[in-house]
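Asker: So that we are looking at the same thing, I have put the structure below in structure tokens.
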Amino acid sequence: MSVTTIDYSKEAPVVEGQPSLRGLDDLIAKPIDEFPHRNWFIGLAITGTMLMIGAVSLGWLLWKGVGVWGINQPVAWGFDVVNFVFWVGIGHAGTLISAILFLLRQRWRTGIARFAEAMTLFAVLCAVQFVLFHTGRPWIAAIWLLPYPNQHGVWVNFTSPLMWDVFAVSTYFTVSAVFWYIGLIPDLATLRDRAKDGIKKTVYAVLSLGWRFSNRHWQHYERAYLILAGFATPLVLSVHTIVSFDFAVSVLPGWHTTIFPPYFVAGAIFSGFAMVQNVLIVTRTAFKFEHLITLDTIEKMNKIILVTGTMVGYAYSMEFFIAWYSGNLTEKFVFINRAFGPYWWAYWIMFTCNVFTPQLFWFKRMRTSLLVSFILAIFVNIGMWFERFVIVVTSLHRDFLPSSWGMFVPTVWDFGLLIGSFGLFFTLVLLFIKFLPAIAMSEIKAVVPGSQPAHHGNGAHHG
Amino acid sequence: MEPSNTNHESRYWKSLREYHNDPASADAKAHEFAKGVTDEFDVNTLSPMSRKQFLGALAASAAFAAAGCNSYRDKGEIVPYNKKPEEITLGVANHYASTCTGCAEACGILVKTREGRPIKVDGNPDHPVNKGSVCAQGQASILNLYDPERLKDPMLVSSGILTKTTWKVADTKLIAAFTAAANQKKEIALITHSLTSPSLTKLLGEFAAKYPGAKHYAYELFDGGARQSAWTKSTGGTALPVIAWEKANVVLAVESDFLGYDGNLPEQTRLFASRRDVMKGKNFNRLYSADATMNSTAMNADHRLRVRPDRQLAFVLSLLNEVRPSAQTSAYSLSAFVKENGLDDAVVKQLVNDLKANAGAAIVHAGDTMPEAVHIAVNLLNAALGNDALYRRDQAKHGYAPLIDAEQWSALVARMNAGQVAAVVHVDTNPVYHLAPDLGYADALKKVDTVVTLAELQNETTAVSSFVLPLNHTLEGWGDHQTRTGVLSLQQPVIAPLYNTRQKEAALLIWTAGNPDGYNETLYHDYVMARWEKEVYPAQKAKAGFKAFWLSALHDGVIATNDAAPALPAAKMDVVSTLKNTAVNGTVLALTKNYFVGDGRYANNGWLQEMPHPASKIAWDNYAALSPATAKSLGASEGSMVSVTAGSRSLALPVHVQPGLADDFVAVQLGYGRNVSGSVGENVGFNASVLLSKSDTTAPYTVGGVTLTLTGETYLLASTQEHHALDDTFLKDIHKKRGIIQEGTLAQYAEDPAFLEKEHSDLTIVPRVTYDGVKWGMAIDLNKCTGCGVCTLSCNAENNIPVVGKEQLHKGREMTWIRIDRYFSGEPDAPTVSNQPMLCQHCDNAPCENVCPVVATTHSPDGLNQMAYNRCVGTKYCSNNCPFKVRRFNFFDFRDDFAGGVQYEEPLPLMHNPEVTVRSRGVMEKCTFCVQRIMEGRQHAIEKGEEFTGAGVTVACQEACPAEAIVFGNVNDTTSKIHQYRKHSIGYRVLEEINVGPNVTYIAKLRNTDPV
């Protein structure tokens, strides 16, 4: 495809070339069939080390108490909640890609939906650990945060946004997991059929739940997938809306704003897409999926990053405007303090990475450059982590009474768990790539050129 | 239909079918149990283990399992009383009157005990001096009693090795040593602090009679001797008068911290604050402070003048020259002084006018660290103004032994070095730490054969002693004390000695008797009682018998004696000619008192170490305080290490930039830097005693011509409040812009009592909860509050609040439930200070409550914001959402193993108030409005069958406040004091605009600055 001859009346092909169906299976199942490449082990060693750092940090945390972190009065939430919001945000891209883009008939999603969904699950797992372990007594919180009938007659507090969080995140995780698994079933059956040795075959056989590629199966499958996509769609919007309520419901200046729900959702999609972009570019190159995950897909992802980044930038500016326009002195102070107070650097890292650098994506050359896409996506991830840091820490550190102002200085254990969460995420990603098909084999076959009967001339309106 | 079977009188039936003898029912009944269950069984098929054996084995394994678990945490044994002591009812506290021996003020105390354990010290309301409140040290003294590191047994020390011994062995050796000394006509030096006890004074006399070489020396680190000798020189009188602070319209404090560390804090604060009562009209006193150190009094002053301590003499004399010009003072021109020192001319003019206009109702007071000359000048100025009217006629200060001065110390050291001193007995004193190093006291001790130190805790002096004898805590001993004429108070033990300790008087009694076997626990009790029977009782001319008199005196803790205060002699105005100007060039160092650890004796008390300095808010350290200008010219910033050098003496310590401090001046607090103490107090801060010199006899605490050199190192100072640059326009006066501090002047208030009132909006979309019954509320009068911090200490003791240590304090994890917020406004050189006690506001719409996911914090029907510790999982959201940031989180188990912290170690848990839960790790806590006291009050009302109106319930901070600035009660009770405060025209609530509905009303501070 040449830059000069774009035909805008035609959709770019989702899969380039004319791969045979057999060839597609071979290509996608190759990492599963073969003994892993040395690089995979190197990667696993790195992420495993990070995971161990996290495990040690967690052990020390449980042994001593949350005081091992840098949190204090007034900054009672630090890296814990920053990381939680960050990972929940990352978890937004997967379901958005697989559910919303599915309902919107965005066929380019097909190549990336599977591992975007997997990343969602892993990211939510990373997030959930912070919800639990940020509490002072996690061994009790694990039970008491759930509304269960008990002989004390004590119920949870349904007016607390943290309670809403418990429901929102657990629902999101459950629905995402079911959606992902349903989508995997035909591919698991394919793997079962391809597998030669006994254990592998048995495991895939059990997991594929007796799928026999029958017409009836396909009909049920398609219907279930559509219904679940419908279920998952509102969740994409609701989860981060509710996470934003953790802040918006409070009285704290800098948190107490109505713009938070849309702003958080936009930010979540922004960061989620960036993380998918990073993993996608690596996977695509490593496993030679270039014609399945095309440059066009990457470009489309970059466009969404540009759009959501700009939305986030709008939110940043609007917060400042409202702080001034409201005439509320405390509110005004908080925002000036964000940009020019002791944590000015965090604010400007956030602003630069989230608003300035994505502007490069106005240029097609930048959007279609793998290197630029990869680096800018990393910037977005950094920027979005700092966005949460700015919201959580700088709002807390100088609130109403100047007498109680303080500073948050993270400790080695704060970083330990942050590193550990990345370790957990990427370890799971590596294991996923090794044991499950990173691209939906059954779905990709449906978007191969010529696979659909072209009733209306250009084949855009398929079944 | 009649039941067919009626031959049984009582027949039980389970269904109507059975009642009517339905055959189906009979069949079902026969097959009630499954087949086989009720069949006959074969005994041989049964298990060889009988049911009894099985149950036995079950019980045994449960017991083993339980035994395996019990190492989880040893909860100790709970043993009920076999014979219940008559005076103890379980769950009901007993209060005993006694006397505090923490300093030379000897305040009356009331000790609360539970089941025989003292758990709280408050002021004795019947004591005529301190009237129901004590200072911070008094409140915290309970922690010293239970300090795990107290000395527990007598020790013999030879060549640095401590050997545990018995009192008998030690006493035998000591009696032999003292007898030998007496025979060789050598000296036995008994070194004590100020004597306040008539019985001990008598006993020392008896000791000296038994051992003729014995000499008594009394000293204090902060030598009150200058005030005493100045009084004698300027009037010829010996008894220092007591000031009637409540009568003074104008007060000029000359480097005096009478609202802080100088004199009797509870009394002075109470009397001073009584003239700042908005409920009693607008006749406020006016406070001027001429000081360099930005002390507590300066922070509360209506007008402040920055005067370096070396120039105070010139300042006072030039005032004297204004008031009563004379040839001797003509050299001191006030206008020249104002110009030289850059003082505000208008303020000085107003001061002179005020002094003149209020002659006879104005008082000038100099601080303890001021040299004798300043005190003389102050006495003369008071006399010139006719201020003698403010000296109380019914009371004068009463001492038993004059304090020794530097020359007498030098003479003693010389005799020690010459081998003329056979024994030195440190009676609860620590001179090795206190004295100027160039005196050579520690080295001289090596020339003395027998060095005895009686102490509660190890210290620098026990480290160089040959006998270390453990002392009782105040609450374990008997005694009598007199610091004022006409007031004699009794000290009684409220607990038997925890360890193998004796009170110092008992040790002296044994030595005096020369009988090492003569000890019994009532030894000194009998001595005091006998003295009272012989000397005190007859003079009282009481109608009751001695026993009844004694018991009633013990009950009250204090008696009024008939000894009249000596007449006030007239001042000798011509003494002024003897005064020499003390002004020096160059930088001046002031060694000041500190607010909480006294002369170092409270170093091992974590509660006191953790109290922040009222001005700097720095805890766990002392520092070199510099003014912003001086720091700038030196190139120093907060925490830079600076070497303070005076002659050959030098000390490196960290800089704190203190707004309001005098320029070319450095202030360092004494009492820190203990080398030998317990684990809490060791190496906290820097020992500034090394900057003292034996040659600075005229003004030991003011050192001229010091040099300051930055060492290039930095040091971490931990403070409870951030330090902002005062000239940062972004942050400047932010507390006023936000309405946190609302203030005005007395003149504004006189003109319009509602001058601060703003429109209130009660607009809400949610109906407000109404409180029909009791509703609790608090009012804090900022006019009375001086920021002394006694409320914090009282709260600590009442509510089992742990110590967190310097590192945790620095991280911002202090646990105190009530804190004193300090705000500076104005210019860095001359800031005005606003203090504000801040605690849980028990908001009506508490933002903490709705965000807790597990309903651990809720609202009670009487308006309390409650905390269920057991339910808390520690999400900390409540703290984030608290606009006042008064919630405290247990980031660790602060009772476990934290340096400087209250520990689990025995016997510390005995100190805990059993009515208050001890919080564990991971749990949020905060002020409860002393809910345990509210419940106690409610219980009493129920017992008596009365309606509970809330009258009589006092909370710990309120009870302790010497200024009576805190009012608590039922706001729905229209007869209550709190009701009056709540509707006061200058009452305001902090952050009212965010509609959280706080229940603490602050009475706005009125500054008495404008000319009346």
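By order in the structure tokens, chains are A, B, ...; within a chain, residues start at 1; ligands start at 1, following the order shown.
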List the neighbours of region 986-990 of chain B out to 6 Å using only C-alpha atoms; skip same-chain residues closer than 6 positions along the sequence, and give me the result as a PyMOL selection string.
Answerer: chain B and resi 740+756+1001-1004
Asker: Select from chain B every residue with an atom at most 6 Å from any atom of chain A, then for each give the shortest pair of atoms and their distance in Å to one decimal, using only C-alpha atoms, rows by chain and rising number, as a Markdown table.
Answerer:
```
| residue | atom | partner | partner_atom | distance |
| --- | --- | --- | --- | --- |
| B:Gln721 | CA | A:Ser403 | CA | 5.7 |
| B:Gly812 | CA | A:Asn72 | CA | 5.3 |
| B:Arg813 | CA | A:Asn72 | CA | 5.5 |
| B:Asp821 | CA | A:Ser403 | CA | 5.7 |
| B:Asn850 | CA | A:Ser160 | CA | 5.5 |
| B:Val851 | CA | A:Ser160 | CA | 4.2 |
| B:Cys852 | CA | A:Ser160 | CA | 5.7 |
| B:Pro853 | CA | A:Asn157 | CA | 4.9 |
| B:Val854 | CA | A:Val156 | CA | 4.8 |
| B:Val855 | CA | A:Asn157 | CA | 5.4 |
| B:Val873 | CA | A:Arg137 | CA | 5.1 |
| B:Gly874 | CA | A:Gly136 | CA | 4.1 |
| B:Thr875 | CA | A:Thr135 | CA | 4.6 |
| B:Asn881 | CA | A:Ser250 | CA | 5.8 |
| B:Pro883 | CA | A:Phe400 | CA | 5.8 |
| B:Phe891 | CA | A:Gly67 | CA | 4.3 |
| B:Phe892 | CA | A:Gly65 | CA | 5.2 |
| B:Gly922 | CA | A:Gly136 | CA | 3.6 |
```
Asker: Go ahead and write the selection's residues with C-alpha atoms as a CSV table (one decimal), in the first residue's frame.
Answerer:
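Output file selection.csv is given in full below:
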```csv
chain,number,residue,atom,x,y,z
B,721,GLN,CA,4.4,21.3,60.6
B,812,GLY,CA,4.3,12.7,59.3
B,813,ARG,CA,2.9,9.9,61.4
B,821,ASP,CA,-1.5,24.4,65.0
B,850,ASN,CA,-19.8,8.0,54.2
B,851,VAL,CA,-16.6,7.0,52.6
B,852,CYS,CA,-15.7,4.1,54.9
B,853,PRO,CA,-16.6,0.9,53.0
B,854,VAL,CA,-17.0,-1.2,56.2
B,855,VAL,CA,-19.0,1.3,58.3
B,873,VAL,CA,-9.7,-2.5,57.9
B,874,GLY,CA,-7.5,0.6,57.2
B,875,THR,CA,-8.4,1.9,53.8
B,881,ASN,CA,-11.5,13.0,53.2
B,883,PRO,CA,-10.6,18.4,55.9
B,891,PHE,CA,1.0,2.6,60.1
B,892,PHE,CA,2.9,0.1,62.2
B,922,GLY,CA,-3.5,-1.0,60.5
```
Asker: Skip Phe426 (chain A) itself and residues of its chain fewer than 6 positions away, then list as a PyMOL selection string all residues within 9 Å of it, counting only C-alpha atoms.
Answerer: chain A and resi 43-44+47-48+122
Asker: Looking only at strand (DSSP E or B) from DSSP on the backbone, list the matching residues of region 74-255 of chain B as a PyMOL selection string.
Answerer: chain B and resi 94-99+108-114+117-123+155-158+161-164+187-192+214-218+241-243+250-254
Asker: So the first atom is CA of Ala956 (chain B) and the second is CA of Leu864 (chain B); what is the distance between them in Å, to one decimal place?
Answerer: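 Taking CA of Ala956 (chain B) as the start and CA of Leu864 (chain B) as the end point, the length is 15.9 Å.
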